[in-house]
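The file input-v8.txt contains compact mmCIF, C-alpha atoms:
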```txt
# COMPACT_ATOMS: atom_id res chain seq x y z
CA MET A 1 19.45 -10.05 -9.27
CA ASN A 2 16.74 -12.21 -7.71
CA VAL A 3 14.51 -9.55 -6.14
CA ASP A 4 11.49 -8.17 -7.98
CA VAL A 5 9.64 -5.21 -6.48
CA LEU A 6 5.90 -4.71 -6.74
CA LEU A 7 4.46 -1.37 -5.69
CA GLY A 8 1.61 1.06 -6.27
CA LEU A 9 2.05 4.05 -8.57
CA GLN A 10 -0.87 6.19 -7.41
CA TRP A 11 -2.31 6.99 -3.97
CA GLY A 12 -2.63 3.36 -2.87
CA ASP A 13 -5.51 0.90 -3.36
CA GLU A 14 -4.21 -0.07 -6.80
CA GLY A 15 -4.74 -3.81 -6.33
CA LYS A 16 -1.33 -4.94 -5.12
CA GLY A 17 -2.70 -7.72 -2.92
CA LYS A 18 -4.40 -9.49 -5.82
CA ILE A 19 -1.29 -9.31 -8.01
CA VAL A 20 1.04 -10.57 -5.29
CA ASP A 21 -1.29 -13.53 -4.84
CA VAL A 22 -1.27 -14.17 -8.62
CA LEU A 23 2.54 -13.92 -8.89
CA THR A 24 3.48 -15.82 -5.71
CA PRO A 25 3.88 -19.25 -7.43
CA ASN A 26 6.92 -17.74 -9.23
CA TYR A 27 8.71 -16.83 -5.97
CA SER A 28 10.10 -18.53 -2.88
CA VAL A 29 9.58 -15.54 -0.59
CA ILE A 30 7.10 -12.67 -0.36
CA ALA A 31 8.43 -9.83 1.81
CA ARG A 32 6.59 -6.70 2.99
CA PHE A 33 9.09 -3.85 3.20
CA GLN A 34 7.18 -0.90 4.76
CA GLY A 35 3.88 0.37 6.10
CA GLY A 36 1.61 -0.96 8.78
CA PRO A 37 -2.02 -1.81 9.45
CA ASN A 38 -3.13 1.29 7.54
CA ALA A 39 -2.60 -0.86 4.43
CA GLY A 40 -5.44 -3.03 3.18
CA HIS A 41 -4.48 -5.61 0.56
CA THR A 42 -7.53 -7.40 -0.84
CA LEU A 43 -7.44 -10.88 -2.39
CA GLU A 44 -10.32 -12.84 -3.91
CA PHE A 45 -10.34 -16.47 -4.98
CA GLU A 46 -12.68 -19.45 -4.86
CA GLY A 47 -15.56 -17.16 -3.97
CA ASN A 48 -13.89 -15.76 -0.84
CA LYS A 49 -12.60 -12.25 -0.14
CA HIS A 50 -9.62 -11.66 2.15
CA VAL A 51 -8.19 -8.36 3.43
CA LEU A 52 -4.65 -8.36 4.80
CA HIS A 53 -3.14 -5.42 6.68
CA THR A 54 0.30 -6.53 7.90
CA ILE A 55 0.75 -10.08 6.66
CA PRO A 56 2.23 -10.39 3.13
CA SER A 57 -0.22 -11.30 0.38
CA GLY A 58 1.44 -14.61 -0.44
CA ILE A 59 0.25 -16.25 2.78
CA PHE A 60 -2.43 -18.37 1.05
CA ARG A 61 0.12 -20.06 -1.25
CA LYS A 62 1.50 -23.12 0.53
CA ASP A 63 4.97 -23.08 -1.03
CA ALA A 64 5.79 -19.45 -0.21
CA ILE A 65 7.52 -18.04 2.85
CA ASN A 66 6.15 -14.66 3.94
CA VAL A 67 8.44 -12.17 5.67
CA ILE A 68 7.37 -9.02 7.51
CA GLY A 69 10.41 -6.81 7.05
CA ASN A 70 12.15 -4.39 9.37
CA GLY A 71 10.51 -1.40 7.63
CA VAL A 72 7.04 -2.44 8.78
CA VAL A 73 5.32 -1.25 11.98
CA ILE A 74 3.14 -3.82 13.74
CA ASP A 75 0.09 -3.42 15.95
CA PRO A 76 -0.18 -6.68 17.96
CA ILE A 77 -3.98 -6.42 18.23
CA VAL A 78 -4.60 -5.87 14.50
CA PHE A 79 -2.05 -8.56 13.73
CA ALA A 80 -3.79 -11.07 16.02
CA THR A 81 -7.13 -10.36 14.33
CA GLU A 82 -5.54 -11.09 10.95
CA LEU A 83 -4.15 -14.37 12.22
CA GLN A 84 -7.55 -15.33 13.63
CA LYS A 85 -9.13 -14.87 10.20
CA LEU A 86 -6.58 -17.25 8.72
CA GLU A 87 -7.48 -20.09 11.10
CA PRO A 88 -10.10 -21.75 8.82
CA TYR A 89 -7.41 -22.26 6.17
CA ASN A 90 -5.09 -24.37 8.36
CA ILE A 91 -1.99 -22.39 7.41
CA ASN A 92 1.19 -23.53 9.14
CA LEU A 93 2.26 -20.10 10.34
CA SER A 94 5.44 -21.29 12.02
CA GLU A 95 6.69 -22.41 8.59
CA ARG A 96 5.17 -19.78 6.30
CA LEU A 97 5.43 -16.55 8.30
CA LYS A 98 8.56 -14.82 9.64
CA ILE A 99 8.78 -11.48 11.44
CA SER A 100 11.82 -9.22 11.50
CA LYS A 101 13.19 -8.51 14.96
CA LYS A 102 13.87 -4.97 13.74
CA ALA A 103 10.22 -4.25 12.86
CA HIS A 104 8.77 -1.63 15.21
CA LEU A 105 5.78 -1.99 17.52
CA ILE A 106 2.73 0.25 17.59
CA LEU A 107 1.79 0.95 21.21
CA PRO A 108 -1.70 1.85 22.45
CA THR A 109 -0.38 5.34 23.18
CA HIS A 110 0.73 5.69 19.55
CA ARG A 111 -2.90 5.30 18.53
CA LEU A 112 -3.98 7.85 21.14
CA ILE A 113 -1.44 10.43 19.97
CA ASP A 114 -2.55 9.84 16.37
CA ALA A 115 -6.19 10.45 17.26
CA ALA A 116 -5.47 13.46 19.52
CA THR A 117 -3.30 15.29 17.00
CA GLU A 118 -5.69 14.63 14.11
CA GLN A 119 -8.63 15.87 16.22
CA ALA A 120 -6.72 19.05 17.05
CA LYS A 121 -6.15 19.84 13.36
CA GLU A 122 -9.90 20.34 12.83
CA ASP A 123 -10.39 21.38 9.18
CA LYS A 124 -6.68 20.85 8.38
CA LYS A 125 -6.78 17.10 8.91
CA ILE A 126 -4.32 14.99 6.90
CA GLY A 127 -6.74 12.06 6.72
CA SER A 128 -4.89 9.68 9.02
CA THR A 129 -6.33 6.18 9.47
CA LEU A 130 -5.76 6.72 13.23
CA LYS A 131 -3.86 3.44 13.49
CA GLY A 132 -0.85 4.99 15.23
CA ILE A 133 1.40 4.60 12.18
CA GLY A 134 2.79 8.16 12.12
CA PRO A 135 3.63 8.34 15.84
CA ALA A 136 5.27 4.89 15.65
CA TYR A 137 7.52 5.98 12.78
CA MET A 138 8.27 9.23 14.63
CA ASP A 139 9.54 7.23 17.60
CA LYS A 140 11.54 5.06 15.23
CA THR A 141 13.37 8.03 13.69
CA GLY A 142 13.55 9.70 17.11
CA ARG A 143 15.36 6.58 18.42
CA ASN A 144 12.75 5.92 21.07
CA GLY A 145 10.83 3.07 19.43
CA LEU A 146 10.24 -0.48 20.62
CA ARG A 147 11.06 -3.32 18.25
CA ILE A 148 9.95 -6.92 17.98
CA GLY A 149 13.36 -8.04 19.26
CA ASP A 150 12.81 -6.03 22.45
CA LEU A 151 9.98 -8.38 23.41
CA PHE A 152 12.57 -11.02 24.28
CA LEU A 153 14.72 -8.75 26.47
CA PRO A 154 14.42 -8.72 30.29
CA THR A 155 14.20 -4.92 30.10
CA PHE A 156 11.12 -4.86 27.83
CA VAL A 157 8.57 -3.84 30.48
CA GLN A 158 10.80 -0.97 31.60
CA LYS A 159 11.34 0.14 28.00
CA TYR A 160 7.60 0.07 27.46
CA SER A 161 6.92 2.10 30.62
CA ASP A 162 9.51 4.74 29.67
CA LEU A 163 7.99 5.22 26.23
CA LYS A 164 4.46 5.24 27.61
CA ASP A 165 5.40 7.96 30.09
CA LYS A 166 6.81 10.05 27.27
CA HIS A 167 3.56 9.63 25.33
CA LEU A 168 1.43 10.58 28.33
CA ARG A 169 3.38 13.83 28.65
CA ILE A 170 2.55 14.55 25.01
CA LEU A 171 -1.13 13.70 25.52
CA ALA A 172 -1.28 16.11 28.45
CA HIS A 173 -1.12 18.90 25.85
CA PHE A 174 -4.56 17.83 24.57
CA PRO A 175 -6.86 18.49 27.58
CA ASP A 176 -10.04 18.01 25.50
CA PHE A 177 -8.99 14.53 24.39
CA ASN A 178 -10.37 11.76 26.62
CA PHE A 179 -9.10 8.18 26.74
CA ASN A 180 -8.89 5.04 28.85
CA LEU A 181 -5.38 3.67 28.44
CA GLN A 182 -5.79 0.76 30.84
CA GLU A 183 -8.64 -0.56 28.71
CA MET A 184 -6.36 -0.56 25.67
CA GLU A 185 -3.28 -1.99 27.37
CA GLN A 186 -4.72 -5.29 28.57
CA PRO A 187 -5.51 -6.77 25.12
CA TRP A 188 -2.26 -5.32 23.75
CA PHE A 189 -0.12 -7.24 26.25
CA GLU A 190 -2.16 -10.40 25.62
CA LYS A 191 -1.44 -10.23 21.89
CA ILE A 192 2.24 -9.57 22.55
CA GLU A 193 2.48 -13.18 23.74
CA LEU A 194 1.03 -14.36 20.43
CA LEU A 195 3.65 -12.35 18.55
CA LYS A 196 6.41 -13.93 20.61
CA SER A 197 5.18 -17.41 19.71
CA LEU A 198 5.90 -16.86 16.00
CA PRO A 199 9.32 -17.07 14.31
CA CYS A 200 11.04 -13.72 14.91
CA ILE A 201 14.22 -13.53 12.88
CA ASP A 202 17.17 -11.38 11.81
CA SER A 203 15.46 -10.86 8.48
CA GLU A 204 18.33 -9.11 6.70
CA HIS A 205 20.60 -12.16 7.26
CA TYR A 206 17.79 -14.55 6.40
CA LEU A 207 16.89 -12.87 3.09
CA ASN A 208 20.46 -12.37 1.94
CA LYS A 209 21.31 -16.01 2.62
CA LEU A 210 18.32 -17.05 0.52
CA LEU A 211 19.50 -14.76 -2.29
CA LYS A 212 22.92 -16.42 -2.24
CA GLN A 213 21.17 -19.77 -2.58
CA GLY A 214 19.34 -18.53 -5.69
CA SER A 215 15.88 -18.05 -4.16
CA LYS A 216 13.57 -15.52 -5.82
CA ILE A 217 12.03 -12.81 -3.63
CA LEU A 218 9.03 -10.62 -4.38
CA ALA A 219 9.13 -7.40 -2.35
CA GLU A 220 5.60 -6.17 -1.61
CA GLY A 221 5.01 -2.47 -1.01
CA ALA A 222 2.08 -0.88 0.80
CA GLN A 223 0.17 2.34 0.06
CA GLY A 224 1.33 4.08 -3.16
CA THR A 225 4.08 6.26 -4.59
CA MET A 226 2.12 9.49 -4.12
CA LEU A 227 1.95 8.76 -0.38
CA ASP A 228 5.74 8.46 -0.07
CA VAL A 229 7.05 10.68 2.74
CA ASP A 230 9.70 12.21 0.43
CA PHE A 231 8.16 12.10 -3.05
CA GLY A 232 4.43 12.09 -2.38
CA THR A 233 1.95 14.96 -2.07
CA TYR A 234 3.44 16.15 1.23
CA PRO A 235 2.19 16.64 3.93
CA PHE A 236 -0.76 14.46 2.87
CA VAL A 237 1.41 11.33 2.86
CA THR A 238 2.21 8.27 4.92
CA SER A 239 5.24 8.04 7.23
CA SER A 240 7.45 5.67 5.24
CA ASN A 241 9.14 5.35 1.86
CA THR A 242 6.70 3.61 -0.45
CA VAL A 243 9.01 3.79 -3.49
CA THR A 244 11.50 1.23 -4.79
CA ALA A 245 14.29 2.61 -2.60
CA GLY A 246 12.25 1.63 0.45
CA THR A 247 12.78 -2.01 -0.51
CA CYS A 248 16.46 -1.81 0.39
CA THR A 249 16.02 -0.03 3.71
CA GLY A 250 12.88 -2.00 4.59
CA LEU A 251 14.39 -5.45 4.00
CA GLY A 252 18.15 -5.00 4.28
CA ILE A 253 18.87 -6.10 0.73
CA PRO A 254 21.30 -4.31 -1.63
CA PRO A 255 20.00 -2.36 -4.66
CA THR A 256 22.15 -4.58 -6.90
CA SER A 257 19.79 -7.47 -6.05
CA ILE A 258 16.77 -5.78 -7.66
CA LYS A 259 15.82 -6.92 -11.15
CA LYS A 260 12.25 -6.02 -12.12
CA VAL A 261 10.20 -3.12 -10.74
CA ILE A 262 6.53 -3.83 -11.35
CA GLY A 263 4.31 -0.77 -11.11
CA ILE A 264 0.59 -1.28 -10.43
CA PHE A 265 -1.94 1.35 -11.45
CA LYS A 266 -5.69 1.59 -11.90
CA ALA A 267 -7.13 2.47 -15.30
CA TYR A 268 -8.42 5.56 -13.48
CA CYS A 269 -7.39 7.28 -10.21
CA THR A 270 -8.58 7.13 -6.60
CA ARG A 271 -7.52 8.65 -3.32
CA VAL A 272 -8.63 8.20 0.29
CA GLY A 273 -8.48 11.05 2.77
CA SER A 274 -7.30 14.62 2.35
CA GLY A 275 -4.75 16.00 -0.08
CA PRO A 276 -4.39 17.16 -3.69
CA PHE A 277 -5.98 15.14 -6.48
CA PRO A 278 -5.88 17.08 -9.79
CA THR A 279 -8.23 14.82 -11.77
CA GLU A 280 -10.83 14.32 -9.03
CA LEU A 281 -14.43 14.23 -10.30
CA ASN A 282 -16.98 15.66 -7.90
CA ASP A 283 -19.85 14.86 -10.20
CA GLU A 284 -22.00 12.01 -11.51
CA THR A 285 -19.05 10.53 -13.43
CA GLY A 286 -16.95 10.31 -10.27
CA GLU A 287 -19.85 8.81 -8.36
CA ARG A 288 -20.39 6.23 -11.08
CA MET A 289 -16.71 5.24 -10.95
CA ARG A 290 -16.99 4.82 -7.18
CA LYS A 291 -20.09 2.65 -7.52
CA GLU A 292 -18.78 0.49 -10.38
CA GLY A 293 -15.36 0.06 -8.78
CA LYS A 294 -16.71 -0.47 -5.24
CA GLU A 295 -14.29 2.23 -4.18
CA PHE A 296 -14.38 2.10 -0.42
CA GLY A 297 -11.27 1.73 1.75
CA ALA A 298 -10.36 -1.87 2.64
CA THR A 299 -9.04 -0.69 6.02
CA THR A 300 -11.30 2.25 6.91
CA GLY A 301 -14.39 1.71 4.73
CA ARG A 302 -14.19 5.37 3.73
CA PRO A 303 -15.47 6.24 0.24
CA ARG A 304 -12.57 6.87 -2.12
CA ARG A 305 -12.33 9.99 -4.22
CA CYS A 306 -12.37 9.10 -7.93
CA GLY A 307 -11.10 10.68 -11.16
CA TRP A 308 -9.66 10.05 -14.60
CA LEU A 309 -6.17 8.64 -15.10
CA ASP A 310 -3.44 11.25 -14.57
CA LEU A 311 -0.46 10.70 -16.90
CA VAL A 312 1.54 13.58 -15.37
CA GLN A 313 1.38 11.89 -12.00
CA LEU A 314 1.92 8.42 -13.45
CA LYS A 315 5.04 9.43 -15.42
CA TYR A 316 6.44 10.95 -12.24
CA ALA A 317 5.83 7.73 -10.28
CA ILE A 318 7.43 5.64 -13.03
CA MET A 319 10.49 7.91 -12.96
CA VAL A 320 11.17 7.89 -9.21
CA ASN A 321 10.63 4.10 -8.99
CA GLY A 322 12.55 3.03 -12.11
CA VAL A 323 9.54 0.97 -13.23
CA THR A 324 10.38 -1.71 -15.79
CA GLU A 325 6.86 -3.02 -16.47
CA LEU A 326 3.29 -1.96 -15.73
CA TYR A 327 0.17 -3.83 -14.61
CA MET A 328 -3.15 -2.08 -15.23
CA MET A 329 -5.98 -2.84 -12.82
CA LYS A 330 -9.76 -2.42 -12.94
CA ALA A 331 -10.12 -1.99 -16.68
CA ASP A 332 -13.57 -3.54 -16.27
CA VAL A 333 -14.77 -0.57 -14.20
CA LEU A 334 -14.47 1.79 -17.18
CA SER A 335 -16.64 -0.45 -19.38
CA VAL A 336 -19.70 1.65 -18.50
CA PHE A 337 -18.35 4.83 -20.13
CA ASP A 338 -18.85 5.84 -23.78
CA GLU A 339 -15.74 7.98 -23.63
CA ILE A 340 -12.54 7.76 -21.59
CA GLN A 341 -10.55 10.83 -20.63
CA LEU A 342 -6.83 11.02 -19.84
CA CYS A 343 -4.99 13.92 -18.21
CA GLU A 344 -1.90 14.62 -20.35
CA ALA A 345 -0.77 17.88 -18.73
CA TYR A 346 -1.79 20.56 -16.21
CA GLU A 347 -2.58 24.19 -16.70
CA VAL A 348 -0.86 26.16 -13.93
CA ASN A 349 -1.08 29.97 -13.93
CA GLY A 350 -2.04 29.91 -17.61
CA LYS A 351 0.92 27.70 -18.63
CA ARG A 352 0.98 24.07 -19.75
CA VAL A 353 2.94 21.94 -17.27
CA SER A 354 4.03 18.35 -18.03
CA ASP A 355 6.22 17.69 -14.96
CA PHE A 356 4.57 16.96 -11.62
CA PRO A 357 5.02 20.20 -9.63
CA TYR A 358 6.48 20.70 -6.15
CA ASP A 359 3.29 21.91 -4.49
CA VAL A 360 0.38 20.71 -6.58
CA HIS A 361 -1.95 21.38 -3.62
CA SER A 362 -1.59 25.18 -3.55
CA LEU A 363 -0.85 25.70 -7.25
CA LYS A 364 -4.34 24.75 -8.46
CA ALA A 365 -3.30 22.46 -11.30
CA ASN A 366 -6.13 22.18 -13.82
CA PRO A 367 -6.02 18.96 -15.84
CA ILE A 368 -5.76 19.12 -19.64
CA TYR A 369 -7.57 16.09 -21.05
CA THR A 370 -7.44 14.05 -24.22
CA LYS A 371 -10.35 11.76 -25.10
CA LEU A 372 -10.43 8.15 -26.28
CA PRO A 373 -13.47 6.00 -27.17
CA GLY A 374 -14.71 3.60 -24.50
CA TRP A 375 -15.12 -0.13 -25.06
CA LYS A 376 -18.62 -0.67 -23.65
CA VAL A 377 -18.06 -4.42 -23.26
CA ASP A 378 -18.27 -6.60 -20.14
CA LEU A 379 -14.67 -7.76 -19.63
CA THR A 380 -15.13 -9.84 -16.50
CA GLY A 381 -15.52 -13.20 -18.26
CA LEU A 382 -12.60 -12.87 -20.70
CA GLN A 383 -9.94 -15.56 -20.60
CA SER A 384 -7.08 -13.97 -22.57
CA TYR A 385 -5.75 -10.58 -23.60
CA GLU A 386 -6.47 -11.40 -27.24
CA GLN A 387 -10.20 -11.38 -26.45
CA ILE A 388 -10.35 -7.78 -25.23
CA PRO A 389 -12.11 -5.22 -27.48
CA GLU A 390 -10.12 -3.07 -29.90
CA ALA A 391 -10.95 0.14 -28.03
CA LEU A 392 -9.29 -1.25 -24.87
CA LYS A 393 -6.28 -2.46 -26.87
CA ASN A 394 -5.99 1.05 -28.28
CA TYR A 395 -6.19 2.46 -24.74
CA VAL A 396 -3.38 0.15 -23.60
CA GLU A 397 -1.22 0.96 -26.64
CA TYR A 398 -1.76 4.69 -26.19
CA LEU A 399 -0.67 4.45 -22.55
CA GLU A 400 2.43 2.46 -23.51
CA GLN A 401 3.41 5.16 -26.01
CA GLN A 402 2.90 7.94 -23.49
CA LEU A 403 4.52 6.18 -20.52
CA GLU A 404 7.32 4.46 -22.47
CA VAL A 405 6.99 1.33 -20.35
CA PRO A 406 5.27 -1.91 -21.46
CA ILE A 407 1.95 -2.92 -19.90
CA ARG A 408 2.29 -6.66 -19.21
CA LEU A 409 -1.01 -7.36 -17.47
CA VAL A 410 -4.59 -6.13 -17.56
CA SER A 411 -6.93 -7.00 -14.67
CA VAL A 412 -10.64 -7.36 -15.51
CA GLY A 413 -12.09 -8.28 -12.11
CA PRO A 414 -11.20 -8.84 -8.44
CA ASP A 415 -10.72 -12.62 -8.61
CA ARG A 416 -7.22 -14.04 -9.19
CA ALA A 417 -8.61 -15.77 -12.31
CA GLN A 418 -9.67 -12.44 -13.86
CA THR A 419 -6.10 -11.57 -14.83
CA LEU A 420 -4.99 -11.26 -18.46
CA PHE A 421 -1.28 -11.39 -19.22
CA LYS A 422 -0.21 -9.54 -22.35
```

As structure tokens:
Amino acid sequence: MNVDVLLGLQWGDEGKGKIVDVLTPNYSVIARFQGGPNAGHTLEFEGNKHVLHTIPSGIFRKDAINVIGNGVVIDPIVFATELQKLEPYNINLSERLKISKKAHLILPTHRLIDAATEQAKEDKKIGSTLKGIGPAYMDKTGRNGLRIGDLFLPTFVQKYSDLKDKHLRILAHFPDFNFNLQEMEQPWFEKIELLKSLPCIDSEHYLNKLLKQGSKILAEGAQGTMLDVDFGTYPFVTSSNTVTAGTCTGLGIPPTSIKKVIGIFKAYCTRVGSGPFPTELNDETGERMRKEGKEFGATTGRPRRCGWLDLVQLKYAIMVNGVTELYMMKADVLSVFDEIQLCEAYEVNGKRVSDFPYDVHSLKANPIYTKLPGWKVDLTGLQSYEQIPEALKNYVEYLEQQLEVPIRLVSVGPDRAQTLFK
């Protein structure tokens, strides 16, 4: 059992990128198992901030191999921009980055379909990032998709044309949607050549051979559990499985290889885009959380919705993922509050509900809160867990009792150095 899984337990943006970067020295391989350029994993170190969308978050560590797994969908243009931003760091990409041949491609027409369908929904928008992720996964499950391995086939151009024609027939149903496909295609084909120049591998064979040799792999998830296509707040979800089970299908590794499941959560809650959010605060408290936490999407720049920590939701995420240990992020953001609130249950139709319900969106779940004293101390300069104030220790211990899973790490700032292991 040499695979550890690291994933988000809320609606994404929990801080997975930072933690992968912190943990990478303990692993030989960092492997992304799902998602696409709608993900934004932020890392900060040595005074610099980096946002990765497709490339695994271990890329800055020289001894780690980074694998983009078969469960990922790749936009060649976004990917090329990421690579360009890495150039000042002289990273040997041919040694440190591998791409699965079974990963699917996002075409320009995928982005167009995404934008056209979202526009047509008007006030019923899902909150798509308009990156073409959903349409790309639809073609994958519809057995029409193009994969990285197809780039090397003599039939690639014909395959591309066939899929494009299918997409144009779909777009014909949106007469009010205007676009210039030719303008989008030229840079896409240019970046395809860059993709082909990198090591494209049969990643399932590669990873399983490394496991047999005793190598340790950290599987990096994107988005969060509540955006999972099966277990999230459907239909306001992403198009892939963001839970632990997605590791196996997204990398081609057996479940028997998984050892630890590390669940990342913020000390409060955020969400980007539409969809249910029981503890959302549309008031001064929510605005203060957003300001203190700099809660704006790493990919879209959209302001995130903010609210108190939801233990009903968090227990649900722990259950479906089989989480073995927890990492709590952004404890420093709550330092400005005299009092911290925690949602312990919902009131639904006059009844107390402790299990996350099927359709939380239409049920109108009202949070039932308990209150704990705040710590009112600047945490950002602390060097060890022992230095944190008693009120924060009490907060951590209370969460451990409620969640029945140990909290092993508390993050007190965005930099990799602002990480306190417990």

For region 151-161 of chain A, work out the shell of residues within 12 Å, counting only C-alpha atoms and skipping chain neighbours fewer than 5 positions away, then give it as a ChimeraX atom specification.
-> /A:76,101-110,144-146,166-168,185,188-189,191-198,200-201

Go ahead and save the picked residues with C-alpha atoms, as a PDB file, keeping the file's coordinate frame.
```pdb
ATOM      1  CA  PRO A  76      -0.180  -6.680  17.960  1.00  0.00           C
ATOM      2  CA  LYS A 101      13.190  -8.510  14.960  1.00  0.00           C
ATOM      3  CA  LYS A 102      13.870  -4.970  13.740  1.00  0.00           C
ATOM      4  CA  ALA A 103      10.220  -4.250  12.860  1.00  0.00           C
ATOM      5  CA  HIS A 104       8.770  -1.630  15.210  1.00  0.00           C
ATOM      6  CA  LEU A 105       5.780  -1.990  17.520  1.00  0.00           C
ATOM      7  CA  ILE A 106       2.730   0.250  17.590  1.00  0.00           C
ATOM      8  CA  LEU A 107       1.790   0.950  21.210  1.00  0.00           C
ATOM      9  CA  PRO A 108      -1.700   1.850  22.450  1.00  0.00           C
ATOM     10  CA  THR A 109      -0.380   5.340  23.180  1.00  0.00           C
ATOM     11  CA  HIS A 110       0.730   5.690  19.550  1.00  0.00           C
ATOM     12  CA  ASN A 144      12.750   5.920  21.070  1.00  0.00           C
ATOM     13  CA  GLY A 145      10.830   3.070  19.430  1.00  0.00           C
ATOM     14  CA  LEU A 146      10.240  -0.480  20.620  1.00  0.00           C
ATOM     15  CA  LYS A 166       6.810  10.050  27.270  1.00  0.00           C
ATOM     16  CA  HIS A 167       3.560   9.630  25.330  1.00  0.00           C
ATOM     17  CA  LEU A 168       1.430  10.580  28.330  1.00  0.00           C
ATOM     18  CA  GLU A 185      -3.280  -1.990  27.370  1.00  0.00           C
ATOM     19  CA  TRP A 188      -2.260  -5.320  23.750  1.00  0.00           C
ATOM     20  CA  PHE A 189      -0.120  -7.240  26.250  1.00  0.00           C
ATOM     21  CA  LYS A 191      -1.440 -10.230  21.890  1.00  0.00           C
ATOM     22  CA  ILE A 192       2.240  -9.570  22.550  1.00  0.00           C
ATOM     23  CA  GLU A 193       2.480 -13.180  23.740  1.00  0.00           C
ATOM     24  CA  LEU A 194       1.030 -14.360  20.430  1.00  0.00           C
ATOM     25  CA  LEU A 195       3.650 -12.350  18.550  1.00  0.00           C
ATOM     26  CA  LYS A 196       6.410 -13.930  20.610  1.00  0.00           C
ATOM     27  CA  SER A 197       5.180 -17.410  19.710  1.00  0.00           C
ATOM     28  CA  LEU A 198       5.900 -16.860  16.000  1.00  0.00           C
ATOM     29  CA  CYS A 200      11.040 -13.720  14.910  1.00  0.00           C
ATOM     30  CA  ILE A 201      14.220 -13.530  12.880  1.00  0.00           C
TER      31      ILE A 201
END
```

Counting only C-alpha atoms, the option among A:Glu386, A:Asp415, A:Asp21, A:Asp359 closest to Pro276 (chain A) = A:Asp359

Nearest residue to Pro37 (chain A) from the set A:Pro406, A:Gly132, A:Gly293, A:Gly252 (distances using only C-alpha atoms) |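 Ranked by minimum distance to Pro37 (chain A), first place goes to A:Gly132.
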
Selection near region 401-404 of chain A, 9 Å with all atoms listed in the file, sequence-local residues under 4 positions removed, as a list of chain:residue names |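 So the residues in contact are A:Leu311, A:Leu314, A:Lys315, A:Ile318, A:Glu344, A:Val396, A:Glu397.
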
Near-Ala331 (chain A) list (7 Å; all atoms listed in the file; drop same-chain fewer than 5 positions) as a PyMOL selection string | chain A and resi 267+410-412

Any chance you could export the current selection's C-alpha atoms as a tab-separated table (two decimals), in the coordinates of the input?
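As written to disk, part16.tsv reads:
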```
chain	number	residue	atom	x	y	z
A	267	ALA	CA	-7.13	2.47	-15.30
A	410	VAL	CA	-4.59	-6.13	-17.56
A	411	SER	CA	-6.93	-7.00	-14.67
A	412	VAL	CA	-10.64	-7.36	-15.51
```

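Relative to CA of Val320 (chain A), CA of Cys269 (chain A) is found at 18.6 Å.
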
Would you kindly return, as a list of chain:residue names, each protein, DNA or RNA residue with an atom no farther than 9 Å from any atom of Asn349 (chain A), considering only C-alpha atoms and excluding same-chain residues fewer than 2 positions away?
->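 So, after excluding close chain neighbours, the residues are A:Glu347, A:Lys351, A:Arg352, A:Leu363, A:Lys364, A:Ala365.
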
How far is it from CA of Phe277 (chain A) to CA of His361 (chain A), in Å with one decimal?
->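 It comes out at 8.0 Å.
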
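Proximity ranking of A:Met329, A:Val78, A:Ile99, A:Leu372 relative to Gly149 (chain A) places A:Ile99 first, based on only C-alpha atoms.
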
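Compared by their closest atoms to Gly71 (chain A), and using only C-alpha atoms, the residues A:Asp338, A:Glu295, A:Glu204, A:Asp310 rank with A:Glu204 nearest.
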
With distances taken over only C-alpha atoms, which of A:Val67, A:Val405, A:Lys371, A:Ile59 is nearest to Ile91 (chain A)?
->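 Smallest separation from Ile91 (chain A) among the options: A:Ile59.
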
Measuring atom to atom with all atoms listed in the file, identify which of A:Lys131, A:Lys49, A:Arg302, A:Lys121 is nearest to Arg416 (chain A).
->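 Of all the options, A:Lys49 lies closest to Arg416 (chain A).
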
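Going from CA of Leu130 (chain A) to CA of Ala115 (chain A) covers 5.5 Å.
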
Could you please give me, as a list in words, the residues of protein, DNA or RNA lying at most 12 Å from (-20.8, 1.9, -9.2) in the coordinate frame of the file, considering all atoms listed in the file?
->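 Applying the cut-off with all atoms listed in the file, one gets Glu284, Thr285, Gly286, Glu287, Arg288, Met289, Arg290, Lys291, Glu292, Gly293, Lys294, Glu295, Phe296, Pro303, Arg304, Cys306, Asp332, Val333, Leu334, Ser335, Val336 and Phe337 of chain A.
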
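Near Tyr385 (chain A), within 12 Å and counting only C-alpha atoms, sit Ala331, Leu379, Thr380, Gly381, Leu382, Gln383, Gln387, Ile388, Pro389, Glu390, Leu392, Lys393, Val396, Ile407, Arg408, Leu409, Val410, Ser411, Val412, Gln418, Thr419, Leu420, Phe421 and Lys422 of chain A; same-chain residues fewer than 2 positions away were not included.
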
Please produce a file of those selected residues containing C-alpha atoms, as a compact mmCIF listing (two decimals), in the frame of the given file.
```
# COMPACT_ATOMS: atom_id res chain seq x y z
CA ALA A 331 -10.12 -1.99 -16.68
CA LEU A 379 -14.67 -7.76 -19.63
CA THR A 380 -15.13 -9.84 -16.50
CA GLY A 381 -15.52 -13.20 -18.26
CA LEU A 382 -12.60 -12.87 -20.70
CA GLN A 383 -9.94 -15.56 -20.60
CA GLN A 387 -10.20 -11.38 -26.45
CA ILE A 388 -10.35 -7.78 -25.23
CA PRO A 389 -12.11 -5.22 -27.48
CA GLU A 390 -10.12 -3.07 -29.90
CA LEU A 392 -9.29 -1.25 -24.87
CA LYS A 393 -6.28 -2.46 -26.87
CA VAL A 396 -3.38 0.15 -23.60
CA ILE A 407 1.95 -2.92 -19.90
CA ARG A 408 2.29 -6.66 -19.21
CA LEU A 409 -1.01 -7.36 -17.47
CA VAL A 410 -4.59 -6.13 -17.56
CA SER A 411 -6.93 -7.00 -14.67
CA VAL A 412 -10.64 -7.36 -15.51
CA GLN A 418 -9.67 -12.44 -13.86
CA THR A 419 -6.10 -11.57 -14.83
CA LEU A 420 -4.99 -11.26 -18.46
CA PHE A 421 -1.28 -11.39 -19.22
CA LYS A 422 -0.21 -9.54 -22.35
```
